[in-house]
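Participant: To start, I am sharing the structure in question, which I have written as structure tokens.
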Amino acid sequence: MVEETIQEKSKSGKNFDDFTLDELDLIEDEEDEKIVLEYRQKRIAELKELASKSKFGSVVEISAQDYVNEVNKAGNDIYVVLHLFKQGIPLCALINKHLADLARKYPTTKFLKSISTTCIPNYPDKNLPTLFVYFEGQMKSQMVGPPAFRYADISLDELEWMLGKTGAIETDIKEDPRPRPKDMLFSGLKGSKNVDYLRDEDADDW
């Protein structure tokens with residue numbers, strides 16, 4: 001109700017969800033002061049809640065002894081992403097690099113890593129890398145082995161999209177960012193006289 005009223009009264013037509021607190025202060029003289037004040041208080045409460053959740057921001061390495069406290073007791077409304085890895089496996093190194101970037105981008109999600117056999121004795125190397133996704137201590141998703149990560153060339157955007165599908169992060173990437181094989185073919189044939197013919201021939205395949 002507050003949002004509807006204030007947007008009706010706004011002369012700029014700008015969505016009030018996009019206003020900063022400073023911008024809300026500037027328009028208090030032009031808009032209904034009571035409505036703007038209520039909206040400002042609502043925004044402050046939202047920012048405080050976000051700040052209270054934004055307490056991670058990095059990938060923390062844990063041992064088996066840390067597992068219960070760091071994963072099972074992570075807290076209410078907390079997603080945990082745990083990477084099982086080993087040194088010397090290139091794909092594990094790539095996933096660790098991507099997770100470090102994602103941890104900074106999504107500080108409300110708890111990102112952890114653990115050497116596989118330290119966390120789970122005798123865990124097979126063929127299953128690496130492995131990602132486990134937990135919510136409030138319960139496993140929600142798992143990605144196991146190179147096929148789950150498209151082998152050796154998974155991009156940061158692809159991993160972000162995959163984790164977004166599990167609910168662990170709220171990403172704007174809603175579709176698989178990897179080009180489809182036929183899109184790559186057409187890109188390679190750009191400028192060829194046969195490209196339109198190939199598109200027409202394959203139109204029914206999708």
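Following the order of the structure tokens, chains are lettered A, B, ..., residues in each are numbered from 1, and ligands are numbered from 1.
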Write out as a list of chain:residue names each polymer residue whose atoms come within 9 Å of Tyr151 of chain A, counting only C-alpha atoms; drop sequence neighbours fewer than 5 positions from it.

Facilitator: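 Contacts, with the query itself left out: A:Leu91, A:Gly145, A:Pro146.
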
Participant: According to DSSP computed on the backbone, where in segment 58-202 of chain A is there strand (DSSP E)? Give the residues as a list in words.

Facilitator: Val59, Val60, Glu61, Tyr79, Val80, Val81, Leu82, His83, Leu84, Phe85, Lys110, Phe111, Leu112, Lys113, Ser114, Ile115, Thr130, Leu131, Phe132, Val133, Tyr134, Phe135, Gln138, Met139, Lys140, Ser141, Gln142, Met143 and Val144 of chain A

Participant: Determine the nearest neighbour of Ile169 of chain A from the options A:Lys97, A:Tyr79, A:Gln142, A:Val59, counting only C-alpha atoms.

Facilitator: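 Residue with the minimum atom-to-atom distance to Ile169 of chain A: A:Tyr79.
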
Participant: Write out as a list in words each polymer residue whose atoms come within 8 Å of Tyr134 of chain A, counting only C-alpha atoms; drop sequence neighbours fewer than 6 positions from it.

Facilitator: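 Here the qualifying residues turn out to be Val71, Tyr79, Val80, Val81, Lys140 and Ser141 of chain A.
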
Participant: Quick check, in Å to one decimal: how far apart do atom CA of Asp101 of chain A and atom CA of Asp172 of chain A lie?

Facilitator: 15.6 Å

Participant: Closest to Lys73 of chain A among A:Gln138, A:Glu61, A:Thr117, A:Phe132, using only C-alpha atoms?

Facilitator: A:Gln138

Participant: Which residues are close to Ile154 of chain A, i.e. within 10 Å by only C-alpha atoms, leaving aside same-chain residues fewer than 2 positions away? Reply as a list in words.

Facilitator: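 Once the adjacent positions are removed, what remains is Leu91, Leu94, Ile95, His98, Pro146, Ala148, Phe149, Arg150, Tyr151, Ala152, Leu156, Asp157, Glu158, Leu159 and Arg178 of chain A.
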
Participant: Emit the selected residues as a CSV table (one decimal), in the first residue's frame, including N, CA and C atoms.

Facilitator:
chain,number,residue,atom,x,y,z
A,91,LEU,N,40.6,-28.8,-12.6
A,91,LEU,CA,39.2,-28.4,-12.5
A,91,LEU,C,38.8,-27.9,-11.1
A,94,LEU,N,40.0,-24.4,-10.8
A,94,LEU,CA,39.1,-23.5,-11.5
A,94,LEU,C,37.9,-23.2,-10.7
A,95,ILE,N,37.3,-24.3,-10.1
A,95,ILE,CA,36.1,-24.1,-9.3
A,95,ILE,C,36.4,-23.2,-8.1
A,98,HIS,N,36.5,-19.6,-9.2
A,98,HIS,CA,35.1,-19.1,-9.4
A,98,HIS,C,34.3,-18.9,-8.1
A,146,PRO,N,33.6,-34.3,-12.9
A,146,PRO,CA,33.8,-33.4,-14.0
A,146,PRO,C,32.6,-33.3,-14.9
A,148,ALA,N,29.5,-32.9,-14.2
A,148,ALA,CA,28.6,-32.0,-13.6
A,148,ALA,C,29.1,-30.5,-13.9
A,149,PHE,N,30.4,-30.4,-14.1
A,149,PHE,CA,31.0,-29.1,-14.3
A,149,PHE,C,31.4,-28.8,-15.7
A,150,ARG,N,30.9,-29.6,-16.7
A,150,ARG,CA,31.2,-29.5,-18.1
A,150,ARG,C,32.7,-29.6,-18.3
A,151,TYR,N,33.3,-30.5,-17.6
A,151,TYR,CA,34.7,-30.9,-17.7
A,151,TYR,C,35.6,-29.7,-17.4
A,152,ALA,N,36.5,-29.3,-18.3
A,152,ALA,CA,37.6,-28.4,-18.0
A,152,ALA,C,37.4,-26.9,-18.3
A,156,LEU,N,32.7,-18.7,-15.2
A,156,LEU,CA,32.1,-18.2,-14.0
A,156,LEU,C,30.6,-18.0,-14.1
A,157,ASP,N,30.2,-17.5,-15.3
A,157,ASP,CA,28.7,-17.3,-15.5
A,157,ASP,C,28.0,-18.6,-15.4
A,158,GLU,N,28.5,-19.6,-16.0
A,158,GLU,CA,27.9,-20.9,-16.0
A,158,GLU,C,27.7,-21.5,-14.6
A,159,LEU,N,28.8,-21.4,-13.8
A,159,LEU,CA,28.7,-21.9,-12.4
A,159,LEU,C,27.7,-21.0,-11.6
A,178,ARG,N,26.0,-20.8,-21.7
A,178,ARG,CA,26.9,-21.5,-22.7
A,178,ARG,C,26.2,-21.5,-24.0

Participant: Smallest atom-to-atom distance to Ile62 of chain A: which of A:Ala74, A:Val144, A:Pro90, A:Thr118, using only C-alpha atoms?

Facilitator: A:Thr118
